[in-house]
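> What follows is the file entry08.tsv, containing TSV, C-alpha atoms:
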chain	number	residue	atom	x	y	z
A	1	MET	CA	-33.96	126.23	-6.96
A	2	ARG	CA	-37.35	127.24	-8.39
A	3	PHE	CA	-35.78	130.49	-9.61
A	4	LEU	CA	-33.08	128.64	-11.53
A	5	LEU	CA	-35.71	126.34	-13.13
A	6	ILE	CA	-37.71	129.37	-14.30
A	7	ILE	CA	-34.61	130.94	-15.84
A	8	PHE	CA	-33.66	127.70	-17.63
A	9	THR	CA	-37.19	127.30	-19.02
A	10	SER	CA	-37.19	130.87	-20.31
A	11	LEU	CA	-33.84	130.43	-22.03
A	12	LEU	CA	-35.08	127.18	-23.65
A	13	LEU	CA	-38.20	128.89	-25.00
A	14	ILE	CA	-36.15	131.78	-26.38
A	15	SER	CA	-33.79	129.31	-28.08
A	16	CYS	CA	-36.67	127.39	-29.68
A	17	SER	CA	-38.28	130.64	-30.80
A	18	ASP	CA	-35.02	131.77	-32.45
A	19	GLN	CA	-34.70	128.39	-34.15
A	20	ALA	CA	-38.27	128.61	-35.44
A	21	ILE	CA	-37.64	132.09	-36.76
A	22	THR	CA	-34.45	130.90	-38.45
A	23	THR	CA	-36.30	127.95	-40.03
A	24	GLU	CA	-39.10	130.21	-41.17
A	25	LYS	CA	-36.66	132.56	-42.81
A	26	ALA	CA	-34.96	129.74	-44.78
A	27	ILE	CA	-36.01	130.12	-48.43
A	28	ARG	CA	-35.87	127.03	-50.60
A	29	PRO	CA	-34.24	127.17	-54.04
A	30	ILE	CA	-36.09	125.26	-56.77
A	31	ALA	CA	-35.11	123.72	-60.10
A	32	TRP	CA	-37.17	125.41	-62.79
A	33	ILE	CA	-37.89	125.87	-66.48
A	34	LYS	CA	-39.74	128.40	-68.57
A	35	VAL	CA	-42.46	126.49	-70.42
A	36	ALA	CA	-43.10	126.81	-74.14
A	37	GLU	CA	-45.83	125.88	-76.58
A	38	THR	CA	-45.51	122.77	-78.73
A	39	ASN	CA	-47.59	120.44	-80.84
A	40	LEU	CA	-49.40	117.56	-79.18
A	41	GLN	CA	-47.50	114.37	-79.93
A	42	GLN	CA	-48.37	110.70	-79.61
A	43	LEU	CA	-46.24	107.58	-79.87
A	44	ARG	CA	-47.17	104.24	-81.39
A	45	THR	CA	-44.74	101.35	-81.38
A	46	LEU	CA	-45.31	98.71	-84.07
A	47	SER	CA	-43.49	95.42	-84.54
A	48	GLY	CA	-41.92	94.48	-87.86
A	49	ILE	CA	-39.56	91.96	-89.41
A	50	VAL	CA	-36.01	92.69	-90.50
A	51	ALA	CA	-35.45	91.83	-94.17
A	52	PRO	CA	-32.69	92.45	-96.71
A	53	VAL	CA	-33.11	95.41	-99.04
A	54	GLU	CA	-32.16	93.13	-101.94
A	55	ALA	CA	-33.23	89.46	-101.97
A	56	THR	CA	-34.56	87.01	-104.54
A	57	SER	CA	-35.00	83.36	-105.49
A	58	LEU	CA	-32.77	82.06	-108.26
A	59	SER	CA	-33.75	79.39	-110.78
A	60	PHE	CA	-32.70	77.95	-114.16
A	61	GLU	CA	-34.66	79.13	-117.19
A	62	VAL	CA	-34.35	75.69	-118.77
A	63	MET	CA	-35.02	72.16	-117.54
A	64	GLY	CA	-32.33	69.53	-117.13
A	65	LYS	CA	-30.22	67.44	-114.78
A	66	VAL	CA	-28.01	69.23	-112.23
A	67	GLU	CA	-24.35	68.56	-113.04
A	68	THR	CA	-22.56	70.59	-110.34
A	69	VAL	CA	-23.47	72.82	-107.38
A	70	ASP	CA	-20.63	75.23	-106.64
A	71	VAL	CA	-21.89	77.08	-103.52
A	72	ASN	CA	-23.34	76.16	-100.14
A	73	LEU	CA	-25.63	77.76	-97.58
A	74	GLY	CA	-24.09	80.93	-96.14
A	75	ASP	CA	-21.42	81.32	-98.83
A	76	PRO	CA	-20.65	84.89	-99.96
A	77	VAL	CA	-20.76	85.29	-103.75
A	78	GLU	CA	-19.74	87.95	-106.26
A	79	LYS	CA	-21.78	89.21	-109.19
A	80	GLY	CA	-21.42	86.81	-112.17
A	81	GLN	CA	-20.05	83.94	-110.06
A	82	VAL	CA	-21.10	80.41	-111.15
A	83	LEU	CA	-23.55	78.91	-108.67
A	84	ALA	CA	-24.56	75.68	-110.43
A	85	GLN	CA	-24.58	74.00	-113.85
A	86	LEU	CA	-26.87	71.60	-115.67
A	87	ASN	CA	-25.61	68.74	-117.82
A	88	HIS	CA	-24.59	70.34	-121.16
A	89	ARG	CA	-24.75	67.29	-123.42
A	90	SER	CA	-28.34	67.72	-124.61
A	91	PHE	CA	-27.81	71.46	-125.12
A	92	GLU	CA	-24.62	70.91	-127.10
A	93	LEU	CA	-26.36	68.35	-129.34
A	94	ALA	CA	-29.23	70.76	-129.90
A	95	LEU	CA	-26.68	73.43	-130.77
A	96	LYS	CA	-25.02	71.21	-133.39
A	97	SER	CA	-28.40	70.35	-134.89
A	98	ALA	CA	-29.41	74.01	-135.07
A	99	GLN	CA	-26.09	74.93	-136.67
A	100	ALA	CA	-26.55	72.20	-139.29
A	101	GLN	CA	-30.04	73.46	-140.08
A	102	LEU	CA	-28.68	76.96	-140.52
A	103	ASP	CA	-25.93	75.72	-142.86
A	104	LYS	CA	-28.49	73.79	-144.89
A	105	ALA	CA	-30.81	76.77	-145.14
A	106	THR	CA	-27.89	79.02	-146.11
A	107	SER	CA	-26.87	76.69	-148.92
A	108	ALA	CA	-30.42	76.54	-150.23
A	109	MET	CA	-30.61	80.32	-150.15
A	110	ILE	CA	-27.36	80.69	-152.12
A	111	GLU	CA	-28.66	78.28	-154.78
A	112	ALA	CA	-31.98	80.11	-154.95
A	113	GLU	CA	-30.19	83.44	-155.18
A	114	ASN	CA	-28.05	82.25	-158.12
A	115	SER	CA	-31.16	80.94	-159.92
A	116	PHE	CA	-32.98	84.21	-159.35
A	117	THR	CA	-29.98	86.15	-160.71
A	118	ARG	CA	-29.97	84.05	-163.93
A	119	PHE	CA	-33.72	84.43	-164.43
A	120	SER	CA	-33.37	88.19	-163.91
A	121	GLN	CA	-30.92	88.37	-166.81
A	122	LEU	CA	-32.82	85.98	-169.09
A	123	ILE	CA	-36.19	87.71	-168.69
A	124	LYS	CA	-34.64	90.94	-169.95
A	125	GLN	CA	-33.67	89.06	-173.10
A	126	GLY	CA	-37.10	87.47	-173.39
A	127	LEU	CA	-35.65	83.97	-173.07
A	128	VAL	CA	-37.80	82.86	-170.08
A	129	SER	CA	-41.43	83.26	-169.23
A	130	GLN	CA	-42.73	85.62	-166.60
A	131	SER	CA	-44.03	82.71	-164.54
A	132	GLY	CA	-40.57	81.11	-164.49
A	133	PHE	CA	-39.06	84.38	-163.25
A	134	ASP	CA	-41.75	84.72	-160.56
A	135	ASN	CA	-41.08	81.18	-159.32
A	136	ALA	CA	-37.35	81.87	-159.06
A	137	LYS	CA	-38.02	85.06	-157.15
A	138	ALA	CA	-40.44	83.29	-154.77
A	139	ASN	CA	-37.95	80.50	-154.10
A	140	TYR	CA	-35.28	83.06	-153.29
A	141	GLU	CA	-37.50	84.97	-150.86
A	142	SER	CA	-38.59	81.71	-149.22
A	143	SER	CA	-34.99	80.58	-148.80
A	144	LYS	CA	-34.08	83.87	-147.14
A	145	SER	CA	-36.94	83.39	-144.65
A	146	ALA	CA	-35.76	79.84	-143.97
A	147	VAL	CA	-32.29	81.18	-143.14
A	148	GLY	CA	-33.86	83.70	-140.72
A	149	VAL	CA	-35.83	80.94	-138.98
A	150	ALA	CA	-32.75	78.73	-138.71
A	151	GLN	CA	-30.70	81.61	-137.31
A	152	ALA	CA	-33.37	82.34	-134.70
A	153	GLN	CA	-33.47	78.68	-133.73
A	154	LEU	CA	-29.70	78.69	-133.35
A	155	ASP	CA	-29.90	81.80	-131.13
A	156	ILE	CA	-32.47	80.07	-128.92
A	157	VAL	CA	-30.33	76.99	-128.53
A	158	GLU	CA	-27.27	79.08	-127.73
A	159	LYS	CA	-29.25	80.96	-125.07
A	160	ASN	CA	-30.45	77.67	-123.59
A	161	LEU	CA	-26.85	76.54	-123.36
A	162	GLN	CA	-25.93	79.77	-121.57
A	163	ASP	CA	-28.94	79.44	-119.25
A	164	SER	CA	-27.79	75.97	-118.23
A	165	THR	CA	-25.20	77.77	-116.09
A	166	LEU	CA	-26.71	79.71	-113.14
A	167	LEU	CA	-24.84	82.93	-112.24
A	168	ALA	CA	-25.12	85.25	-109.22
A	169	PRO	CA	-27.07	88.39	-110.25
A	170	TYR	CA	-25.28	90.56	-107.66
A	171	LYS	CA	-22.91	90.43	-104.72
A	172	GLY	CA	-24.55	88.75	-101.76
A	173	ILE	CA	-24.90	85.72	-99.50
A	174	ILE	CA	-26.60	82.40	-100.26
A	175	THR	CA	-29.42	81.99	-97.72
A	176	LYS	CA	-30.96	78.80	-99.14
A	177	ARG	CA	-29.71	75.92	-101.28
A	178	LEU	CA	-32.53	73.85	-102.73
A	179	ILE	CA	-30.83	71.59	-105.32
A	180	GLU	CA	-28.35	68.72	-105.35
A	181	PRO	CA	-26.18	67.16	-108.09
A	182	SER	CA	-27.97	64.64	-110.39
A	183	GLN	CA	-31.33	66.16	-109.48
A	184	GLN	CA	-33.76	66.63	-112.37
A	185	ILE	CA	-35.28	70.11	-112.21
A	186	SER	CA	-37.76	72.03	-114.32
A	187	ALA	CA	-37.52	75.56	-115.67
A	188	GLY	CA	-38.35	78.13	-112.99
A	189	GLN	CA	-37.88	75.71	-110.09
A	190	SER	CA	-36.19	77.54	-107.20
A	191	ALA	CA	-32.55	76.53	-106.80
A	192	PHE	CA	-31.13	79.16	-104.41
A	193	GLN	CA	-32.15	82.17	-102.39
A	194	ILE	CA	-29.72	85.06	-102.25
A	195	GLU	CA	-29.57	88.24	-100.16
A	196	GLY	CA	-27.71	91.32	-101.33
A	197	THR	CA	-25.26	93.31	-99.26
A	198	HIS	CA	-26.99	96.65	-99.71
A	199	GLY	CA	-28.36	96.87	-96.16
A	200	LEU	CA	-31.45	95.83	-94.22
A	201	GLU	CA	-34.98	97.11	-93.97
A	202	VAL	CA	-37.94	96.60	-91.63
A	203	ASN	CA	-41.32	95.59	-93.00
A	204	VAL	CA	-44.15	96.90	-90.81
A	205	MET	CA	-47.92	96.61	-91.04
A	206	VAL	CA	-49.43	99.98	-90.09
A	207	PRO	CA	-53.12	100.21	-89.04
A	208	GLU	CA	-55.51	102.31	-91.07
A	209	THR	CA	-55.89	104.81	-88.20
A	210	LEU	CA	-52.21	105.72	-88.44
A	211	ILE	CA	-51.32	105.37	-92.13
A	212	ARG	CA	-52.50	108.90	-93.01
A	213	GLU	CA	-49.97	110.34	-90.56
A	214	LEU	CA	-46.94	108.85	-92.35
A	215	ARG	CA	-44.79	110.69	-94.87
A	216	GLN	CA	-42.13	109.46	-97.30
A	217	ASP	CA	-38.50	109.88	-96.13
A	218	THR	CA	-39.48	110.40	-92.47
A	219	ILE	CA	-36.70	109.29	-90.08
A	220	LEU	CA	-37.85	106.99	-87.25
A	221	PRO	CA	-36.12	105.26	-84.30
A	222	VAL	CA	-35.93	101.46	-84.63
A	223	ARG	CA	-35.23	99.10	-81.70
A	224	PHE	CA	-34.58	95.35	-81.51
A	225	PRO	CA	-35.74	93.10	-78.63
A	226	VAL	CA	-32.69	90.81	-78.98
A	227	LEU	CA	-30.30	93.80	-78.94
A	228	THR	CA	-31.58	95.73	-75.97
A	229	GLN	CA	-28.89	98.41	-76.11
A	230	THR	CA	-29.23	99.05	-79.84
A	231	THR	CA	-31.35	101.81	-81.38
A	232	MET	CA	-30.95	102.66	-85.06
A	233	GLN	CA	-32.44	105.22	-87.41
A	234	GLY	CA	-34.73	104.12	-90.24
A	235	ARG	CA	-36.16	106.01	-93.22
A	236	ILE	CA	-39.62	105.38	-94.66
A	237	THR	CA	-39.10	104.46	-98.32
A	238	GLU	CA	-42.39	102.74	-99.23
A	239	ILE	CA	-45.96	103.29	-98.06
A	240	GLY	CA	-48.56	100.81	-99.30
A	241	THR	CA	-51.74	102.15	-100.89
A	242	ARG	CA	-53.80	98.98	-100.45
A	243	ALA	CA	-54.74	97.45	-97.09
A	244	GLU	CA	-53.83	93.84	-96.45
A	245	THR	CA	-54.32	91.74	-93.30
A	246	ALA	CA	-56.69	93.29	-90.72
A	247	ASN	CA	-56.95	96.55	-92.70
A	248	ALA	CA	-53.24	97.27	-92.17
A	249	PHE	CA	-50.99	98.81	-94.82
A	250	PRO	CA	-47.46	97.61	-95.62
A	251	VAL	CA	-44.70	100.13	-94.87
A	252	THR	CA	-40.97	99.71	-95.54
A	253	VAL	CA	-38.40	101.37	-93.27
A	254	VAL	CA	-34.79	101.16	-94.52
A	255	LEU	CA	-32.16	101.13	-91.77
A	256	GLN	CA	-29.62	103.93	-92.17
A	257	GLU	CA	-26.80	102.07	-90.41
A	258	ASP	CA	-25.12	98.66	-90.55
A	259	ASN	CA	-24.87	96.29	-87.61
A	260	PRO	CA	-23.16	92.89	-87.97
A	261	LEU	CA	-25.35	91.47	-85.19
A	262	LEU	CA	-28.55	91.98	-87.16
A	263	ARG	CA	-29.98	89.14	-89.26
A	264	ALA	CA	-32.89	88.94	-91.65
A	265	GLY	CA	-35.94	87.55	-89.90
A	266	MET	CA	-35.29	89.24	-86.54
A	267	THR	CA	-38.03	91.24	-84.83
A	268	ALA	CA	-37.83	95.03	-84.81
A	269	GLU	CA	-39.89	97.71	-83.07
A	270	VAL	CA	-40.49	100.99	-84.90
A	271	ASP	CA	-41.56	104.11	-82.98
A	272	PHE	CA	-44.02	106.28	-84.90
A	273	THR	CA	-44.39	109.79	-83.44
A	274	PHE	CA	-47.17	111.98	-84.80
A	275	GLU	CA	-49.49	114.83	-83.93
A	276	GLY	CA	-52.47	113.23	-82.28
A	277	ILE	CA	-55.56	113.64	-80.15
A	278	GLY	CA	-55.28	113.99	-76.38
A	279	GLN	CA	-57.03	111.80	-73.87
A	280	THR	CA	-59.81	114.40	-73.55
A	281	GLY	CA	-60.19	114.66	-77.33
A	282	TYR	CA	-58.17	117.87	-77.47
A	283	GLN	CA	-56.31	118.79	-80.69
A	284	GLY	CA	-53.99	121.74	-81.09
A	285	ILE	CA	-51.14	123.56	-79.35
A	286	THR	CA	-50.07	122.33	-75.90
A	287	ILE	CA	-47.52	123.23	-73.23
A	288	SER	CA	-44.77	120.62	-72.73
A	289	VAL	CA	-43.34	120.14	-69.23
A	290	PRO	CA	-41.08	117.50	-67.66
A	291	PHE	CA	-43.01	114.67	-66.08
A	292	SER	CA	-41.18	115.40	-62.82
A	293	ALA	CA	-42.96	118.78	-62.65
A	294	LEU	CA	-46.35	117.13	-62.14
A	295	LYS	CA	-47.83	116.57	-58.70
A	296	ALA	CA	-50.55	113.94	-58.46
A	297	GLY	CA	-53.78	114.81	-56.70
A	298	VAL	CA	-57.00	113.02	-55.83
A	299	ASN	CA	-59.39	111.84	-58.55
A	300	GLN	CA	-56.48	111.60	-61.03
A	301	LYS	CA	-55.95	115.36	-61.03
A	302	SER	CA	-52.53	116.83	-61.81
A	303	TYR	CA	-50.91	120.01	-60.50
A	304	VAL	CA	-47.81	122.11	-61.13
A	305	PHE	CA	-46.20	124.84	-59.05
A	306	VAL	CA	-46.05	128.13	-60.96
A	307	TYR	CA	-43.54	130.75	-59.85
A	308	ASP	CA	-44.76	134.30	-59.19
A	309	PRO	CA	-41.77	136.60	-59.85
A	310	GLU	CA	-43.39	139.57	-58.03
A	311	GLN	CA	-44.23	137.74	-54.81
A	312	GLN	CA	-41.36	135.24	-55.23
A	313	VAL	CA	-43.63	132.36	-54.27
A	314	VAL	CA	-44.93	129.24	-56.02
A	315	ASN	CA	-48.66	128.74	-56.49
A	316	GLN	CA	-50.17	125.31	-56.98
A	317	ARG	CA	-52.25	125.18	-60.15
A	318	GLN	CA	-54.34	122.38	-61.66
A	319	VAL	CA	-53.48	121.41	-65.23
A	320	GLN	CA	-55.00	119.09	-67.84
A	321	THR	CA	-52.56	116.46	-69.09
A	322	GLU	CA	-53.31	115.13	-72.58
A	323	ASN	CA	-50.40	112.78	-73.21
A	324	ILE	CA	-47.01	111.70	-71.84
A	325	LEU	CA	-44.15	110.86	-74.23
A	326	ASN	CA	-40.51	110.21	-73.29
A	327	ASN	CA	-41.05	111.68	-69.79
A	328	ILE	CA	-42.56	114.84	-71.30
A	329	ALA	CA	-46.14	115.74	-70.40
A	330	PHE	CA	-48.30	117.68	-72.85
A	331	ILE	CA	-50.76	120.04	-71.14
A	332	SER	CA	-53.78	121.58	-72.84
A	333	SER	CA	-54.93	123.96	-70.07
A	334	GLY	CA	-53.66	125.48	-66.84
A	335	LEU	CA	-50.40	126.96	-68.13
A	336	LYS	CA	-49.37	129.79	-70.44
A	337	ASP	CA	-46.39	130.13	-72.71
A	338	GLY	CA	-43.40	131.64	-70.88
A	339	GLU	CA	-44.48	130.88	-67.31
A	340	ILE	CA	-41.92	129.46	-64.88
A	341	ILE	CA	-42.61	126.21	-63.04
A	342	ALA	CA	-40.78	124.02	-60.55
A	343	THR	CA	-39.40	120.83	-62.06
A	344	ALA	CA	-38.14	118.81	-59.09
A	345	GLY	CA	-39.19	118.05	-55.53
A	346	VAL	CA	-42.77	119.19	-56.15
A	347	ALA	CA	-44.08	116.72	-53.58
A	348	PHE	CA	-42.34	118.81	-50.90
A	349	LEU	CA	-43.62	122.21	-52.04
A	350	ARG	CA	-46.75	123.88	-50.74
A	351	ASP	CA	-49.07	126.48	-52.20
A	352	GLY	CA	-47.79	130.01	-51.55
A	353	GLN	CA	-44.35	128.89	-50.39
A	354	LYS	CA	-41.60	131.47	-50.75
A	355	VAL	CA	-38.78	130.20	-52.99
A	356	THR	CA	-35.80	131.29	-55.02
A	357	LEU	CA	-34.85	130.14	-58.48
A	358	PHE	CA	-31.84	127.89	-58.58
A	359	ASP	CA	-29.02	129.51	-60.57
A	360	LYS	CA	-28.40	127.11	-63.49
A	361	ASN	CA	-25.00	128.65	-64.13
A	362	ILE	CA	-23.65	127.50	-60.76
A	363	GLN	CA	-22.14	124.04	-60.77
A	364	ARG	CA	-23.02	122.02	-57.70
A	365	PHE	CA	-20.77	119.35	-56.15
A	366	ASN	CA	-21.91	116.63	-53.81
Represent the supplied structure as structure tokens.


Amino acid sequence: MRFLLIIFTSLLLISCSDQAITTEKAIRPIAWIKVAETNLQQLRTLSGIVAPVEATSLSFEVMGKVETVDVNLGDPVEKGQVLAQLNHRSFELALKSAQAQLDKATSAMIEAENSFTRFSQLIKQGLVSQSGFDNAKANYESSKSAVGVAQAQLDIVEKNLQDSTLLAPYKGIITKRLIEPSQQISAGQSAFQIEGTHGLEVNVMVPETLIRELRQDTILPVRFPVLTQTTMQGRITEIGTRAETANAFPVTVVLQEDNPLLRAGMTAEVDFTFEGIGQTGYQGITISVPFSALKAGVNQKSYVFVYDPEQQVVNQRQVQTENILNNIAFISSGLKDGEIIATAGVAFLRDGQKVTLFDKNIQRFN
């Protein structure tokens, strides 16, 4: 019986030894990338307000009583469409008066012209004095000036009559209606607000520490808190040169797409990406690696596993992380351009472990 127990124990030990050898010989494949140099980037997200590219307040250029209002809040309008009219009676009376003054001045000018023509002929014959001729000439010149003044007055009255009808300056939508029929309004008093249909823009206040990094026509991603699944592209069209509130500069970003769900006044978030300064103060070229390639250590240290193609092992190496943007870490020291690192499962790797590189051309199925 003892002999059988000894044999069984020996076979068990041999089996465990073979299993250990088999486990030791198993070489783990790793996901990997070859790192490359890149510029150090930083991201700042600033809030802005969506606004129409084209918007203005509309008002009459003359005072009067509102006769009709032809549009309401939210109505679409075409260029040249009548929006409202003032009572025309006073303007029409002024027009008749100005026309009468012009007719009167014209008649006086014709009479003065005939008199001047007669005196011009008589003075050649020596039948009138020089002073009489000069008076006739002066009356004629004065009458011509009076006709010019009357004509100008008539033009003004005609313009006032035209201005008593308010027209849409461009195709758009009425966003405010501020007048009612029978209301007495003054010249320049706001009657409507209109927004054009030429797209939307985002108005952002950029701090003085960032404004020098911006360039005209730069394309930026724009997100909207109320439309969580929507990201649009915006182009910088205006950069303010004078600081306003809290030493921030106004910047205009025009959206490059249309979205019927967007409205003026909504909040937008604009992502500004620029070359910056790392958390250690570093500036210059960095190595970019996936965030998944980093292994956290004590005292906030970071490590990566670098593949040694000669020994076919991975070596743990400390690196200095300067910034993390969109799951990409920017490293200022610890790596060189062209080195191969592990990008997944780094928590389960150990220093000096023998590995193989996973063939990226082989498609894996679960």

> Can I get the residues of region 128-184 of chain A within 8 Å of region 65-77 of chain A, each with the closest pair of atoms and their distance in Å to one decimal, using all atoms listed in the file, sorted chain first then ascending number, as JSON lines?


{"residue": "A:Ala168", "atom": "CA", "partner": "A:Val77", "partner_atom": "CA", "distance": 7.0}
{"residue": "A:Tyr170", "atom": "CA", "partner": "A:Val77", "partner_atom": "CA", "distance": 8.0}
{"residue": "A:Lys171", "atom": "CA", "partner": "A:Val77", "partner_atom": "CA", "distance": 5.7}
{"residue": "A:Gly172", "atom": "CA", "partner": "A:Val77", "partner_atom": "CA", "distance": 5.5}
{"residue": "A:Ile173", "atom": "CA", "partner": "A:Pro76", "partner_atom": "CA", "distance": 4.4}
{"residue": "A:Ile174", "atom": "CA", "partner": "A:Gly74", "partner_atom": "CA", "distance": 5.0}
{"residue": "A:Thr175", "atom": "CA", "partner": "A:Gly74", "partner_atom": "CA", "distance": 5.7}
{"residue": "A:Lys176", "atom": "CA", "partner": "A:Leu73", "partner_atom": "CA", "distance": 5.7}
{"residue": "A:Arg177", "atom": "CA", "partner": "A:Leu73", "partner_atom": "CA", "distance": 5.8}
{"residue": "A:Ile179", "atom": "CA", "partner": "A:Val69", "partner_atom": "CA", "distance": 7.7}
{"residue": "A:Glu180", "atom": "CA", "partner": "A:Val69", "partner_atom": "CA", "distance": 6.7}
{"residue": "A:Pro181", "atom": "CA", "partner": "A:Val66", "partner_atom": "CA", "distance": 5.0}
{"residue": "A:Ser182", "atom": "CA", "partner": "A:Val66", "partner_atom": "CA", "distance": 4.9}
{"residue": "A:Gln183", "atom": "CA", "partner": "A:Val66", "partner_atom": "CA", "distance": 5.3}
{"residue": "A:Gln184", "atom": "CA", "partner": "A:Lys65", "partner_atom": "CA", "distance": 4.4}

> From the list A:Ile219, A:Ala108, A:Ile287, A:Ala152, which residue is nearest Ile324 (chain A) when using all atoms listed in the file?

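With all atoms listed in the file as the atom set, the closest residue is A:Ile287.
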
> Can you list, as JSON, numbers by chain, every protein, DNA or RNA residue that comes within 8 Å of Leu102 (chain A) when you count only C-alpha atoms, leaving out same-chain residues fewer than 6 positions away?

{"A": [147, 150, 151, 154]}

> Within 12 Å of region 247-256 of chain A, which residues of region 43-140 of chain A come that close, and what is the closest atom pair and distance in Å for each? Count all atoms listed in the file and give it as CSV.


residue,atom,partner,partner_atom,distance
A:Leu46,CA,A:Val251,CA,10.9
A:Ser47,CA,A:Val251,CA,11.4
A:Gly48,CA,A:Thr252,CA,9.3
A:Ile49,CA,A:Thr252,CA,10.0
A:Val50,CA,A:Leu255,CA,9.4
A:Ala51,CA,A:Val254,CA,9.4
A:Pro52,CA,A:Val254,CA,9.2
A:Val53,CA,A:Val254,CA,7.5
A:Glu54,CA,A:Val254,CA,11.2

> Which polymer residues have any atom within 8 Å of an atom of Leu95 (chain A), counting only C-alpha atoms, with same-chain residues fewer than 4 positions away left out, as a list in words?

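Within the cut-off, the hits are Phe91, Gln99, Leu154, Val157 and Glu158 of chain A.
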
> Rounded to one decimal place, report the CA of Leu227 (chain A)-CA of Val202 (chain A) distance in Å.

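CA of Leu227 (chain A) sits 15.1 Å away from CA of Val202 (chain A).
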